[in-house]
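final.tsv follows (TSV, C-alpha atoms and all ligand atoms):
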```
chain	number	residue	atom	x	y	z
A	21	MET	CA	145.08	-111.60	-30.99
A	22	LYS	CA	148.81	-111.69	-30.35
A	23	ARG	CA	150.78	-114.14	-28.20
A	24	ILE	CA	152.81	-112.22	-25.63
A	25	PHE	CA	155.61	-113.72	-23.49
A	26	ILE	CA	156.50	-111.77	-20.35
A	27	THR	CA	159.25	-112.72	-17.90
A	28	GLY	CA	159.03	-111.69	-14.26
A	29	ALA	CA	155.27	-111.40	-14.65
A	30	ALA	CA	154.10	-112.50	-11.19
A	31	GLN	CA	154.30	-109.02	-9.65
A	32	GLY	CA	155.27	-105.39	-10.14
A	33	ILE	CA	155.76	-104.00	-13.63
A	34	GLY	CA	155.55	-107.44	-15.30
A	35	ARG	CA	152.11	-108.14	-13.83
A	36	GLU	CA	150.85	-104.73	-14.97
A	37	VAL	CA	152.22	-105.29	-18.47
A	38	ALA	CA	150.39	-108.63	-18.55
A	39	LYS	CA	147.16	-106.92	-17.45
A	40	ARG	CA	147.44	-104.29	-20.20
A	41	PHE	CA	147.85	-106.90	-22.95
A	42	TRP	CA	145.23	-109.24	-21.46
A	43	GLU	CA	142.58	-106.51	-21.20
A	44	ASN	CA	143.13	-105.85	-24.89
A	45	GLY	CA	142.32	-109.44	-25.81
A	46	HIS	CA	145.81	-110.87	-26.24
A	47	GLU	CA	147.07	-114.29	-25.15
A	48	LEU	CA	149.68	-114.40	-22.37
A	49	VAL	CA	152.55	-116.72	-21.60
A	50	LEU	CA	153.83	-115.57	-18.23
A	51	ILE	CA	157.18	-116.73	-16.89
A	52	ASP	CA	158.32	-116.31	-13.30
A	53	LEU	CA	159.95	-118.19	-10.46
A	54	PRO	CA	157.86	-120.94	-8.85
A	55	SER	CA	155.52	-118.81	-6.86
A	56	LEU	CA	152.59	-118.88	-4.50
A	57	LYS	CA	151.07	-116.26	-6.80
A	58	GLU	CA	149.98	-118.85	-9.37
A	59	SER	CA	146.35	-118.99	-8.16
A	60	GLU	CA	146.28	-115.18	-7.92
A	61	LEU	CA	147.40	-115.01	-11.56
A	62	GLN	CA	144.77	-117.56	-12.58
A	63	ASP	CA	142.07	-115.48	-10.86
A	64	GLN	CA	143.27	-112.33	-12.60
A	65	PHE	CA	143.73	-113.95	-16.02
A	66	PRO	CA	141.18	-116.80	-16.07
A	67	GLU	CA	141.62	-117.51	-19.78
A	68	ARG	CA	144.22	-116.89	-22.53
A	69	MET	CA	147.00	-117.34	-19.95
A	70	GLU	CA	149.76	-119.94	-19.53
A	71	TYR	CA	152.02	-119.73	-16.51
A	72	ILE	CA	155.49	-121.23	-16.85
A	73	GLN	CA	157.07	-121.56	-13.43
A	74	ALA	CA	160.69	-121.23	-14.41
A	75	ASP	CA	163.89	-119.66	-13.24
A	76	ILE	CA	165.02	-118.00	-16.47
A	77	THR	CA	168.65	-118.67	-15.55
A	78	SER	CA	168.04	-122.42	-15.33
A	79	LEU	CA	169.49	-124.54	-18.12
A	80	GLU	CA	167.02	-127.40	-17.56
A	81	LEU	CA	163.99	-125.16	-18.04
A	82	ARG	CA	165.08	-123.67	-21.34
A	83	PRO	CA	163.47	-126.43	-23.50
A	84	LEU	CA	160.14	-125.79	-21.77
A	85	ILE	CA	160.17	-122.12	-22.78
A	86	GLU	CA	161.52	-122.93	-26.23
A	87	ASP	CA	158.71	-125.46	-26.91
A	88	GLU	CA	156.13	-122.88	-25.85
A	89	MET	CA	157.68	-120.26	-28.17
A	90	LYS	CA	157.55	-122.71	-31.08
A	91	LYS	CA	153.75	-122.73	-30.68
A	92	GLY	CA	153.83	-119.01	-31.54
A	93	ILE	CA	155.28	-115.77	-30.22
A	94	ASP	CA	154.52	-112.25	-31.39
A	95	VAL	CA	156.04	-110.24	-28.55
A	96	LEU	CA	158.71	-111.05	-25.95
A	97	VAL	CA	158.97	-108.73	-22.95
A	98	ASN	CA	162.26	-109.41	-21.14
A	99	ASN	CA	161.11	-107.81	-17.90
A	100	ALA	CA	162.50	-110.01	-15.09
A	101	GLY	CA	165.19	-108.31	-13.05
A	102	VAL	CA	166.84	-108.41	-9.64
A	103	THR	CA	169.03	-106.16	-7.53
A	104	ARG	CA	171.78	-107.22	-5.08
A	105	ASP	CA	173.14	-103.83	-4.05
A	106	SER	CA	176.42	-103.04	-2.35
A	107	THR	CA	179.36	-100.79	-3.02
A	108	LEU	CA	182.09	-102.07	-5.31
A	109	LEU	CA	184.51	-102.68	-2.45
A	110	LYS	CA	182.01	-104.91	-0.64
A	111	MET	CA	180.32	-106.57	-3.59
A	112	GLU	CA	180.47	-110.36	-3.55
A	113	GLU	CA	181.10	-112.26	-6.77
A	114	LYS	CA	177.94	-114.35	-6.28
A	115	ASP	CA	175.85	-111.15	-6.29
A	116	TRP	CA	177.58	-109.94	-9.44
A	117	ASP	CA	176.92	-113.29	-11.13
A	118	LEU	CA	173.26	-113.52	-10.12
A	119	VAL	CA	172.40	-110.02	-11.31
A	120	VAL	CA	174.25	-110.54	-14.61
A	121	ASP	CA	172.59	-113.93	-15.17
A	122	VAL	CA	169.03	-112.71	-14.56
A	123	ASN	CA	169.17	-109.18	-15.98
A	124	LEU	CA	171.53	-109.62	-18.92
A	125	LYS	CA	172.30	-113.21	-19.89
A	126	SER	CA	168.64	-114.24	-19.83
A	127	VAL	CA	167.85	-111.40	-22.25
A	128	PHE	CA	170.39	-112.87	-24.67
A	129	ILE	CA	169.14	-116.46	-24.22
A	130	LEU	CA	165.42	-115.72	-24.51
A	131	SER	CA	165.81	-113.15	-27.30
A	132	GLN	CA	167.87	-115.60	-29.35
A	133	MET	CA	165.21	-118.31	-28.84
A	134	ALA	CA	162.39	-115.91	-29.73
A	135	ALA	CA	164.17	-114.38	-32.72
A	136	LYS	CA	164.63	-117.80	-34.35
A	137	VAL	CA	160.88	-118.45	-34.16
A	138	MET	CA	159.96	-114.87	-35.14
A	139	LYS	CA	162.28	-114.99	-38.15
A	140	GLU	CA	160.52	-118.11	-39.46
A	141	ALA	CA	157.13	-116.53	-38.76
A	142	GLY	CA	157.99	-113.31	-40.63
A	143	GLY	CA	158.48	-110.88	-37.75
A	144	GLY	CA	157.91	-109.94	-34.14
A	145	VAL	CA	158.78	-107.56	-31.33
A	146	ILE	CA	161.32	-107.88	-28.52
A	147	LEU	CA	161.16	-105.42	-25.61
A	148	ASN	CA	163.80	-105.22	-22.89
A	149	ALA	CA	163.86	-103.77	-19.37
A	150	ALA	CA	166.68	-101.26	-18.95
A	151	SER	CA	166.72	-98.57	-16.23
A	152	VAL	CA	167.51	-94.87	-16.06
A	153	VAL	CA	170.46	-95.69	-13.80
A	154	ALA	CA	172.16	-97.13	-16.91
A	155	HIS	CA	172.74	-93.58	-18.17
A	156	ASN	CA	174.64	-92.05	-15.24
A	157	GLY	CA	175.51	-94.89	-12.87
A	158	ASN	CA	174.14	-95.31	-9.37
A	159	PHE	CA	175.85	-95.59	-5.99
A	160	GLY	CA	175.89	-99.18	-4.74
A	161	GLN	CA	174.70	-100.73	-7.99
A	162	ALA	CA	177.79	-101.56	-10.09
A	163	ASN	CA	176.35	-104.97	-10.97
A	164	TYR	CA	172.81	-103.76	-11.72
A	165	VAL	CA	173.93	-100.70	-13.71
A	166	ALA	CA	176.35	-102.81	-15.76
A	167	THR	CA	173.48	-105.12	-16.75
A	168	LYS	CA	171.09	-102.32	-17.62
A	169	ALA	CA	173.70	-100.48	-19.72
A	170	GLY	CA	174.40	-103.86	-21.33
A	171	VAL	CA	170.72	-104.30	-22.13
A	172	ILE	CA	170.67	-100.96	-23.95
A	173	GLY	CA	173.72	-101.91	-26.03
A	174	MET	CA	172.29	-105.35	-26.76
A	175	THR	CA	168.95	-103.83	-27.77
A	176	LYS	CA	170.62	-101.56	-30.34
A	177	THR	CA	172.72	-104.41	-31.71
A	178	MET	CA	169.78	-106.81	-31.97
A	179	ALA	CA	167.75	-104.09	-33.71
A	180	LYS	CA	170.50	-103.69	-36.34
A	181	GLU	CA	170.82	-107.43	-36.87
A	182	LEU	CA	167.14	-108.37	-36.85
A	183	GLY	CA	165.59	-105.48	-38.77
A	184	LYS	CA	165.85	-107.39	-42.02
A	185	ASN	CA	163.73	-110.13	-40.44
A	186	LYS	CA	161.02	-107.60	-39.51
A	187	ILE	CA	161.82	-108.02	-35.84
A	188	ARG	CA	161.78	-104.75	-33.90
A	189	VAL	CA	163.82	-104.51	-30.69
A	190	ASN	CA	163.42	-101.70	-28.17
A	191	ALA	CA	164.12	-101.05	-24.50
A	192	ILE	CA	162.37	-99.09	-21.80
A	193	ALA	CA	164.28	-97.33	-19.04
A	194	PRO	CA	161.95	-96.85	-16.10
A	195	GLY	CA	162.69	-94.25	-13.45
A	196	PHE	CA	161.57	-94.92	-9.88
A	197	ILE	CA	158.42	-97.00	-10.05
A	198	ALA	CA	156.32	-98.09	-7.08
A	199	THR	CA	156.79	-101.89	-7.10
A	200	PRO	CA	158.03	-104.49	-4.59
A	201	MET	CA	161.57	-103.90	-6.00
A	202	VAL	CA	161.70	-100.36	-4.61
A	203	SER	CA	159.43	-100.87	-1.58
A	204	LYS	CA	162.55	-101.79	0.44
A	205	MET	CA	163.89	-98.25	0.00
A	206	PRO	CA	163.66	-95.89	3.02
A	207	GLU	CA	160.85	-93.28	2.94
A	208	LYS	CA	163.48	-90.53	3.03
A	209	VAL	CA	165.13	-91.77	-0.17
A	210	ILE	CA	161.78	-92.10	-1.94
A	211	ALA	CA	160.85	-88.51	-0.95
A	212	MET	CA	164.24	-87.31	-2.22
A	213	MET	CA	163.75	-89.09	-5.57
A	214	GLU	CA	160.28	-87.58	-5.94
A	215	GLY	CA	161.79	-84.15	-5.23
A	216	LYS	CA	164.31	-84.66	-8.04
A	217	THR	CA	161.61	-85.71	-10.54
A	218	PRO	CA	160.25	-82.82	-12.63
A	219	LEU	CA	156.79	-84.43	-12.67
A	220	GLY	CA	156.99	-84.62	-8.86
A	221	ARG	CA	155.92	-88.19	-8.23
A	222	MET	CA	157.05	-91.79	-8.35
A	223	GLY	CA	156.06	-93.73	-11.43
A	224	LYS	CA	153.29	-96.33	-11.37
A	225	PRO	CA	153.58	-99.77	-13.01
A	226	GLU	CA	150.80	-98.60	-15.38
A	227	ASP	CA	153.11	-95.85	-16.71
A	228	ILE	CA	155.58	-98.52	-17.80
A	229	ALA	CA	152.90	-100.92	-19.08
A	230	ASN	CA	151.54	-98.14	-21.34
A	231	ALA	CA	154.98	-97.66	-22.88
A	232	TYR	CA	155.52	-101.40	-23.48
A	233	TYR	CA	152.05	-101.62	-25.00
A	234	PHE	CA	152.78	-98.76	-27.38
A	235	LEU	CA	156.19	-100.14	-28.44
A	236	ALA	CA	154.61	-103.55	-29.12
A	237	SER	CA	151.82	-102.04	-31.21
A	238	ASP	CA	151.66	-101.31	-34.93
A	239	GLU	CA	151.68	-97.59	-34.06
A	240	ALA	CA	155.38	-98.14	-33.26
A	241	SER	CA	156.07	-100.03	-36.49
A	242	PHE	CA	158.93	-97.68	-37.52
A	243	ILE	CA	160.59	-97.63	-34.10
A	244	THR	CA	163.50	-99.96	-33.42
A	245	GLY	CA	166.77	-99.80	-31.50
A	246	THR	CA	165.57	-97.11	-29.13
A	247	CYS	CA	165.59	-96.88	-25.36
A	248	LEU	CA	162.59	-94.94	-24.10
A	249	ASN	CA	162.96	-93.25	-20.70
A	250	VAL	CA	159.72	-93.45	-18.73
A	251	ASP	CA	160.84	-91.60	-15.65
A	252	GLY	CA	158.93	-88.36	-15.05
A	253	GLY	CA	161.99	-86.50	-16.37
A	254	ILE	CA	164.44	-87.58	-13.65
A	255	VAL	CA	167.40	-87.89	-16.03
A	256	ILE	CA	166.90	-84.73	-18.07
A	301	LIG	N1	160.74	-100.61	-10.07
A	301	LIG	C1	161.61	-99.74	-10.56
A	301	LIG	O1	161.73	-98.62	-10.06
A	301	LIG	C2	162.45	-100.08	-11.75
A	301	LIG	C3	163.28	-99.07	-12.27
A	301	LIG	C4	164.06	-99.35	-13.37
A	301	LIG	C5	164.03	-100.61	-13.94
A	301	LIG	N2	163.23	-101.57	-13.42
A	301	LIG	C6	163.28	-102.89	-14.07
A	301	LIG	O2	161.96	-103.30	-14.42
A	301	LIG	C7	161.86	-104.73	-14.30
A	301	LIG	C8	160.71	-105.08	-13.37
A	301	LIG	O3	160.94	-104.46	-12.11
A	301	LIG	P1	159.93	-104.53	-10.88
A	301	LIG	O4	160.13	-103.30	-10.10
A	301	LIG	O5	158.57	-104.89	-11.35
A	301	LIG	O6	160.59	-105.74	-10.05
A	301	LIG	P2	159.94	-106.78	-9.05
A	301	LIG	O7	161.03	-107.24	-8.15
A	301	LIG	O8	158.70	-106.23	-8.42
A	301	LIG	O9	159.53	-107.97	-10.03
A	301	LIG	C9	160.50	-108.70	-10.73
A	301	LIG	C10	159.93	-110.07	-11.07
A	301	LIG	O10	160.98	-110.82	-11.71
A	301	LIG	C11	160.94	-112.14	-11.21
A	301	LIG	N3	162.24	-112.80	-11.33
A	301	LIG	C12	163.39	-112.48	-10.68
A	301	LIG	N4	164.34	-113.39	-10.99
A	301	LIG	C13	163.79	-114.27	-11.85
A	301	LIG	C14	164.29	-115.43	-12.49
A	301	LIG	N5	165.54	-115.87	-12.31
A	301	LIG	N6	163.46	-116.12	-13.30
A	301	LIG	C15	162.18	-115.72	-13.49
A	301	LIG	N7	161.65	-114.62	-12.89
A	301	LIG	C16	162.45	-113.91	-12.07
A	301	LIG	C17	160.54	-111.95	-9.73
A	301	LIG	O11	160.06	-113.17	-9.15
A	301	LIG	C18	159.50	-110.87	-9.83
A	301	LIG	O12	158.20	-111.39	-10.01
A	301	LIG	C19	163.22	-105.20	-13.79
A	301	LIG	O13	164.02	-105.62	-14.88
A	301	LIG	C20	163.82	-103.96	-13.15
A	301	LIG	O14	165.22	-104.00	-13.14
A	301	LIG	C21	162.44	-101.34	-12.33
```
Show me the file's structure as structure tokens.
Ligand SMILES: NC(=O)c1ccc[n+]([C@@H]2O[C@H](COP(=O)([O-])OP(=O)(O)OC[C@H]3O[C@@H](n4cnc5c(N)ncnc54)[C@H](O)[C@@H]3O)[C@@H](O)[C@H]2O)c1
Amino acid sequence: MKRIFITGAAQGIGREVAKRFWENGHELVLIDLPSLKESELQDQFPERMEYIQADITSLELRPLIEDEMKKGIDVLVNNAGVTRDSTLLKMEEKDWDLVVDVNLKSVFILSQMAAKVMKEAGGGVILNAASVVAHNGNFGQANYVATKAGVIGMTKTMAKELGKNKIRVNAIAPGFIATPMVSKMPEKVIAMMEGKTPLGRMGKPEDIANAYYFLASDEASFITGTCLNVDGGIVI
């Protein structure tokens, strides 16, 4: 049984990743904003689950997460992410800062915390949420794309630095996945994205959970520093 930390686990991809690990007998430490979903999570994961209600950008809550990691951490999934879209000319600094703090800075903070514990324990796995938009840019998402491209660069760097400590670091770049994050998109845009996807459909959270599960497993024990596109082929 491994101890798996997942940020942004109350819904969407994070929740599905939690389900995949839980169903395979692992212990979960789920981190998300204070949320009405706590009882829902307790119903879904009635045992082997801790829920830390924390804003991962909050300085005060860092010791709480750090103490929990010191009790043991095998895998960290830096999944939490937000969008605050607008074109460059209209983008407000507060929206730049929020997206950078959640999507990029928190990956640095939590990975550093986890890596210290993993190093002492003799190894571990860190998995980061990138996005396919990191590869080619995306209209209206200068802040989001900058963070996701940053996550890919940070993943490669951490993999080089932490390999000697038997810590593997990889990223996943999802394509368009049916979660609350994309449910705000107009039907027309979703249909257009499906049309551009060689496999002809939107992704499901399970598609991404399968990839995280594989990269965390011993089957992936010689894989580090990679960014795996899980996108139905949309960026080929
Ligand atoms: N859905 C997609 O199509 C898609 C595509 C590419 C990448 N991604 C990435 O995958 C990850 C998950 O996406 P999703 O679609 O499931 O998103 P989502 O919006 O459905 O879920 C994100 C979760 O992160 C949590 N979160 C946000 N800010 C937080 C904070 N400060 N502290 C703690 N938790 C916080 C939210 O409460 C939410 O539960 C994100 O990093 C996203 O950028 C998603």
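Contact shell of Leu48 of chain A at 7 Å (only C-alpha atoms; same-chain neighbours under 6 positions omitted): Arg23, Ile24, Phe25, Ala38, Trp42, Arg68, Met69 and Glu70 of chain A.
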Identify, on the basis of only C-alpha atoms, every residue whose closest approach to Ser241 of chain A does not exceed 10 Å; exclude the query and any residue fewer than 5 positions from it along the same chain; express the result as a PyMOL selection string.
chain A and resi 145+186-188+234-236
Identify, counting only C-alpha atoms and all ligand atoms, the protein, DNA and RNA residues located within 7 Å of ligand LIG 301 (chain A), and give them as a PyMOL selection string.
chain A and resi 27-34+51-53+74-77+99-102+122-123+149-152+193-202
Coordinates-based distance that separates atom CA of Gly160 of chain A from atom CA of Lys110 of chain A (Å, one decimal):
9.3 Å
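Atom CA of Ile254 of chain A sits 23.7 Å away from atom CA of Leu124 of chain A.
Take atom CA of Thr175 of chain A and atom CA of Ala229 of chain A: the distance between them is 18.5 Å.
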Using all atoms listed in the file, which residues sit within 12 Å of Trp116 of chain A once same-chain residues fewer than 2 positions away are excluded, as a tab-separated table (two decimals) with C-alpha atoms, keeping the file's coordinate frame?
```tsv
chain	number	residue	atom	x	y	z
A	102	VAL	CA	166.84	-108.41	-9.64
A	103	THR	CA	169.03	-106.16	-7.53
A	104	ARG	CA	171.78	-107.22	-5.08
A	105	ASP	CA	173.14	-103.83	-4.05
A	106	SER	CA	176.42	-103.04	-2.35
A	107	THR	CA	179.36	-100.79	-3.02
A	108	LEU	CA	182.09	-102.07	-5.31
A	110	LYS	CA	182.01	-104.91	-0.64
A	111	MET	CA	180.32	-106.57	-3.59
A	112	GLU	CA	180.47	-110.36	-3.55
A	113	GLU	CA	181.10	-112.26	-6.77
A	114	LYS	CA	177.94	-114.35	-6.28
A	118	LEU	CA	173.26	-113.52	-10.12
A	119	VAL	CA	172.40	-110.02	-11.31
A	120	VAL	CA	174.25	-110.54	-14.61
A	121	ASP	CA	172.59	-113.93	-15.17
A	122	VAL	CA	169.03	-112.71	-14.56
A	123	ASN	CA	169.17	-109.18	-15.98
A	124	LEU	CA	171.53	-109.62	-18.92
A	160	GLY	CA	175.89	-99.18	-4.74
A	161	GLN	CA	174.70	-100.73	-7.99
A	162	ALA	CA	177.79	-101.56	-10.09
A	163	ASN	CA	176.35	-104.97	-10.97
A	164	TYR	CA	172.81	-103.76	-11.72
A	165	VAL	CA	173.93	-100.70	-13.71
A	166	ALA	CA	176.35	-102.81	-15.76
A	167	THR	CA	173.48	-105.12	-16.75
```
Identify, on the basis of only C-alpha atoms, every residue whose closest approach to Asn148 of chain A does not exceed 6 Å; exclude the query and any residue fewer than 3 positions from it along the same chain; express the result as an NGL selection string.
:A and (97-98 or 191)
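Across A:Leu219, A:Ile146, A:Val137, A:Ile72, the tightest approach to Val95 of chain A is made by A:Ile146 when counting only C-alpha atoms.
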Which one of A:Asp115, A:Leu96, A:Glu43, A:Glu239 sits closest to Asn190 of chain A if you count all atoms listed in the file?
A:Leu96
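Shortest atom-to-atom contact with Ser237 of chain A among A:Ala141, A:Leu147, A:Ile26, A:Ala135: A:Leu147, counting all atoms listed in the file.
Closest approach to Lys216 of chain A from the set A:Leu79, A:Val255, A:Ile93, A:Val37 is made by A:Val255, with distances taken over all atoms listed in the file.
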